[in-house]
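Novice: Got entry-v6.cif for you, mmCIF, C-alpha atoms:
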data_run
#
loop_
_atom_site.group_PDB
_atom_site.id
_atom_site.type_symbol
_atom_site.label_atom_id
_atom_site.label_comp_id
_atom_site.auth_asym_id
_atom_site.auth_seq_id
_atom_site.Cartn_x
_atom_site.Cartn_y
_atom_site.Cartn_z
ATOM 1 C CA MET A 1312 35.362 -4.156 -44.105
ATOM 2 C CA SER A 1313 35.253 -5.321 -40.504
ATOM 3 C CA ASN A 1314 37.861 -7.388 -38.735
ATOM 4 C CA SER A 1315 35.350 -9.417 -36.741
ATOM 5 C CA PHE A 1316 38.025 -11.531 -35.112
ATOM 6 C CA VAL A 1317 39.731 -8.585 -33.389
ATOM 7 C CA TYR A 1318 37.952 -7.121 -30.417
ATOM 8 C CA ASP A 1319 38.501 -3.883 -28.536
ATOM 9 C CA SER A 1320 38.538 -4.343 -24.814
ATOM 10 C CA LEU A 1321 39.622 -2.682 -21.630
ATOM 11 C CA SER A 1322 43.223 -3.323 -20.717
ATOM 12 C CA ASN A 1323 44.371 -4.057 -17.178
ATOM 13 C CA SER A 1324 44.965 -0.346 -16.681
ATOM 14 C CA GLY A 1325 41.333 0.365 -17.518
ATOM 15 C CA LYS A 1326 42.109 2.311 -20.686
ATOM 16 C CA ALA A 1327 39.948 1.603 -23.698
ATOM 17 C CA GLY A 1328 41.356 0.873 -27.124
ATOM 18 C CA SER A 1329 43.698 -2.053 -26.667
ATOM 19 C CA SER A 1330 43.343 -4.874 -29.116
ATOM 20 C CA ILE A 1331 43.465 -8.552 -28.276
ATOM 21 C CA ALA A 1332 43.519 -11.417 -30.726
ATOM 22 C CA LEU A 1333 41.359 -14.448 -30.170
ATOM 23 C CA SER A 1334 43.174 -17.733 -29.817
ATOM 24 C CA LYS A 1335 41.126 -19.323 -32.592
ATOM 25 C CA SER A 1336 41.748 -17.357 -35.766
ATOM 26 C CA LYS A 1337 38.968 -16.929 -38.243
ATOM 27 C CA ALA A 1338 39.712 -17.782 -41.851
ATOM 28 C CA LEU A 1339 40.140 -14.786 -44.112
ATOM 29 C CA SER A 1340 37.789 -14.259 -47.018
ATOM 30 C CA GLU A 1341 39.134 -14.543 -50.556
ATOM 31 C CA GLN A 1342 38.574 -10.809 -50.956
ATOM 32 C CA GLN A 1343 40.656 -9.993 -47.873
ATOM 33 C CA ILE A 1344 43.426 -12.340 -49.019
ATOM 34 C CA HIS A 1345 43.463 -10.491 -52.350
ATOM 35 C CA LEU A 1346 43.549 -7.085 -50.606
ATOM 36 C CA ILE A 1347 46.429 -8.167 -48.360
ATOM 37 C CA ALA A 1348 48.422 -9.558 -51.299
ATOM 38 C CA LYS A 1349 47.849 -6.322 -53.223
ATOM 39 C CA ALA A 1350 48.855 -4.195 -50.224
ATOM 40 C CA LEU A 1351 52.035 -6.167 -49.587
ATOM 41 C CA ALA A 1352 53.025 -6.156 -53.268
ATOM 42 C CA ASP A 1353 54.119 -2.529 -52.955
ATOM 43 C CA PRO A 1354 57.641 -2.250 -51.470
ATOM 44 C CA ARG A 1355 56.852 1.011 -49.671
ATOM 45 C CA ARG A 1356 53.767 -0.467 -47.958
ATOM 46 C CA HIS A 1357 55.821 -3.492 -46.951
ATOM 47 C CA GLN A 1358 58.417 -1.129 -45.456
ATOM 48 C CA ILE A 1359 55.709 0.832 -43.606
ATOM 49 C CA LEU A 1360 54.208 -2.391 -42.243
ATOM 50 C CA LYS A 1361 57.617 -3.484 -40.942
ATOM 51 C CA GLN A 1362 58.086 -0.101 -39.265
ATOM 52 C CA VAL A 1363 54.670 -0.296 -37.595
ATOM 53 C CA GLY A 1364 55.293 -3.894 -36.492
ATOM 54 C CA LYS A 1365 58.610 -3.144 -34.799
ATOM 55 C CA LYS A 1366 56.823 -1.626 -31.819
ATOM 56 C CA THR A 1367 54.198 -3.652 -29.993
ATOM 57 C CA ALA A 1368 52.345 -0.485 -29.000
ATOM 58 C CA GLY A 1369 52.381 0.792 -32.584
ATOM 59 C CA VAL A 1370 53.796 4.047 -33.946
ATOM 60 C CA SER A 1371 52.539 7.529 -34.551
ATOM 61 C CA CYS A 1372 51.760 8.570 -38.090
ATOM 62 C CA SER A 1373 54.287 11.396 -37.775
ATOM 63 C CA ASP A 1374 57.053 8.862 -36.944
ATOM 64 C CA VAL A 1375 56.251 6.946 -40.120
ATOM 65 C CA ARG A 1376 56.169 10.189 -42.102
ATOM 66 C CA GLU A 1377 59.684 11.099 -40.905
ATOM 67 C CA CYS A 1378 61.086 7.800 -42.243
ATOM 68 C CA GLN A 1379 59.347 7.910 -45.619
ATOM 69 C CA SER A 1380 60.441 10.166 -48.464
ATOM 70 C CA VAL A 1381 56.940 10.673 -49.859
ATOM 71 C CA THR A 1382 54.342 13.411 -49.693
ATOM 72 C CA ALA A 1383 51.718 13.347 -46.962
ATOM 73 C CA ALA A 1384 49.069 12.521 -49.574
ATOM 74 C CA THR A 1385 51.045 9.521 -50.847
ATOM 75 C CA LEU A 1386 51.643 8.271 -47.311
ATOM 76 C CA SER A 1387 47.940 8.648 -46.587
ATOM 77 C CA HIS A 1388 47.143 6.522 -49.663
ATOM 78 C CA HIS A 1389 49.549 3.772 -48.557
ATOM 79 C CA LEU A 1390 48.121 3.769 -45.029
ATOM 80 C CA LYS A 1391 44.576 3.540 -46.396
ATOM 81 C CA GLU A 1392 45.540 0.503 -48.507
ATOM 82 C CA LEU A 1393 47.052 -1.223 -45.455
ATOM 83 C CA GLU A 1394 43.998 -0.348 -43.357
ATOM 84 C CA THR A 1395 41.568 -1.545 -46.032
ATOM 85 C CA ALA A 1396 43.438 -4.848 -46.213
ATOM 86 C CA GLY A 1397 43.054 -5.164 -42.433
ATOM 87 C CA LEU A 1398 46.808 -5.165 -41.783
ATOM 88 C CA ILE A 1399 46.845 -2.017 -39.653
ATOM 89 C CA ARG A 1400 44.388 -0.193 -37.469
ATOM 90 C CA ILE A 1401 44.489 3.580 -37.365
ATOM 91 C CA VAL A 1402 43.495 5.063 -34.016
ATOM 92 C CA ARG A 1403 42.730 8.758 -34.285
ATOM 93 C CA GLU A 1404 43.050 11.067 -31.304
ATOM 94 C CA GLY A 1405 42.143 14.583 -32.344
ATOM 95 C CA LYS A 1406 44.435 15.567 -35.186
ATOM 96 C CA PHE A 1407 46.918 12.774 -34.407
ATOM 97 C CA ALA A 1408 46.895 9.179 -35.637
ATOM 98 C CA HIS A 1409 48.482 6.093 -34.120
ATOM 99 C CA LEU A 1410 49.140 2.994 -36.267
ATOM 100 C CA LEU A 1411 48.806 -0.541 -34.889
ATOM 101 C CA LEU A 1412 49.787 -3.749 -36.670
ATOM 102 C CA GLN A 1413 46.956 -6.278 -36.734
ATOM 103 C CA ARG A 1414 49.174 -9.271 -36.027
ATOM 104 C CA ASP A 1415 46.274 -11.738 -36.007
ATOM 105 C CA VAL A 1416 45.323 -10.749 -39.575
ATOM 106 C CA LEU A 1417 48.931 -11.059 -40.729
ATOM 107 C CA LYS A 1418 49.205 -14.464 -39.044
ATOM 108 C CA ALA A 1419 45.953 -15.647 -40.638
ATOM 109 C CA TYR A 1420 47.274 -14.511 -44.037
ATOM 110 C CA LEU A 1421 50.550 -16.369 -43.512
ATOM 111 C CA ASP A 1422 48.613 -19.445 -42.413
ATOM 112 C CA GLN A 1423 46.578 -19.239 -45.652
ATOM 113 C CA LEU A 1424 49.796 -19.018 -47.683
ATOM 114 C CA GLY A 1425 51.086 -22.079 -45.856
ATOM 115 C CA THR A 1426 48.246 -24.167 -47.259
ATOM 116 C CA ILE A 1427 49.306 -23.587 -50.869
#
Can you give me the file's structure in the form of structure tokens?
Specialist:
Amino acid sequence: MSNSFVYDSLSNSGKAGSSIALSKSKALSEQQIHLIAKALADPRRHQILKQVGKKTAGVSCSDVRECQSVTAATLSHHLKELETAGLIRIVREGKFAHLLLQRDVLKAYLDQLGTI
């Protein structure tokens, strides 16, 4: 599933990979709303999302692993659910992974909830 309303661009420093949100947010599909609700229904995923969101630049996967009392396989499953829902983006650099909160997706989801 593609997050078509988030674009990769070059930052002021000229490094690729920074994410910027467009000022006009695109409405989420019903399927993505369902995936986000399902992802956030799990307390551990909610906790992981809060941890990732605390830092604007994101966190390393190993930092998340240190704070979670689960196996690597279980953590990987939770991260995949959050990524599939569009709530986080996983940037891989060799054998390392960096997790970034997709704030525009979270905001669009909250906006959708506000219309209920």
Novice: Taking the file as shown, what set of residues would the PyMOL selection byres ((chain A and resi 1338-1343) around 9) give back, as a ChimeraX atom specification?
Specialist: /A:1312,1336-1337,1344-1348,1395-1397,1416,1419-1420,1423
Novice: Keeping only C-alpha atoms, write the selected residues to a file as a PDB file, in the coordinates of the input.
Specialist:
ATOM      1  CA  MET A1312      35.362  -4.156 -44.105  1.00  0.00           C
ATOM      2  CA  SER A1336      41.748 -17.357 -35.766  1.00  0.00           C
ATOM      3  CA  LYS A1337      38.968 -16.929 -38.243  1.00  0.00           C
ATOM      4  CA  ILE A1344      43.426 -12.340 -49.019  1.00  0.00           C
ATOM      5  CA  HIS A1345      43.463 -10.491 -52.350  1.00  0.00           C
ATOM      6  CA  LEU A1346      43.549  -7.085 -50.606  1.00  0.00           C
ATOM      7  CA  ILE A1347      46.429  -8.167 -48.360  1.00  0.00           C
ATOM      8  CA  ALA A1348      48.422  -9.558 -51.299  1.00  0.00           C
ATOM      9  CA  THR A1395      41.568  -1.545 -46.032  1.00  0.00           C
ATOM     10  CA  ALA A1396      43.438  -4.848 -46.213  1.00  0.00           C
ATOM     11  CA  GLY A1397      43.054  -5.164 -42.433  1.00  0.00           C
ATOM     12  CA  VAL A1416      45.323 -10.749 -39.575  1.00  0.00           C
ATOM     13  CA  ALA A1419      45.953 -15.647 -40.638  1.00  0.00           C
ATOM     14  CA  TYR A1420      47.274 -14.511 -44.037  1.00  0.00           C
ATOM     15  CA  GLN A1423      46.578 -19.239 -45.652  1.00  0.00           C
TER      16      GLN A1423
END
Novice: Here is a test: counting all atoms listed in the file, which residue of A:Asp1415, A:Asp1422, A:Asp1353, A:Asp1374 is nearest to Leu1398 in chain A?
Specialist: A:Asp1415
Novice: I need the residue nearest Ile1399 in chain A from this list: A:Leu1412, A:Ala1383, A:Leu1351, A:Val1370. Use all atoms listed in the file for the distance.
Specialist: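 Distance minimum relative to Ile1399 in chain A lands on A:Leu1412.
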Novice: Measuring atom to atom with only C-alpha atoms, identify which of A:Val1402, A:Val1375, A:Ala1408, A:Ile1427 is nearest to Leu1360 in chain A.
Specialist: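 For Leu1360 in chain A, the nearest of the candidates is A:Val1375.
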Novice: Report the distance between CA of His1357 in chain A and CA of Leu1386 in chain A in Å, rounded to one decimal place.
Specialist: 12.5 Å
Novice: Applied to this file, what does the PyMOL selection byres ((chain A and resi 1361) around 12) return in terms of residues, put as a list of chain:residue names?
Specialist: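 Matching residues under the PyMOL selection byres ((chain A and resi 1361) around 12) are A:Leu1351, A:Pro1354, A:Arg1355, A:Arg1356, A:His1357, A:Gln1358, A:Ile1359, A:Leu1360, A:Gln1362, A:Val1363, A:Gly1364, A:Lys1365, A:Lys1366, A:Thr1367, A:Gly1369, A:Val1370, A:Val1375, A:Cys1378, A:Leu1393, A:Leu1398, A:Ile1399, A:Leu1410, A:Leu1411, A:Leu1412, A:Gln1413, A:Arg1414, A:Leu1417.
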Novice: Which distance in Å separates CA of Thr1382 in chain A and CA of Arg1403 in chain A, to one decimal?
Specialist: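 Straight-line distance from CA of Thr1382 in chain A to CA of Arg1403 in chain A works out to 19.8 Å.
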Novice: Using the file's own x, y and z axes, so that the box edges lie along x, y and z, what centre and edge lengths in Å (one decimal) does a box around every listed atom of range 1383-1387 of chain A get when 4 Å is added on each side? Give it as JSON.
Specialist:
{"center_x": 49.8, "center_y": 10.8, "center_z": -48.7, "size_x": 11.8, "size_y": 13.1, "size_z": 12.3}
Novice: Go through A:Glu1394, A:Glu1404, A:Leu1421, A:His1409 and flag the residue nearest Arg1376 in chain A, using only C-alpha atoms for the distances.
Specialist: A:His1409
Novice: At what distance in Å, to one decimal, does CA of Ala1350 in chain A lie from CA of His1389 in chain A?
Specialist: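 Computing it gives 8.2 Å between the two atoms.
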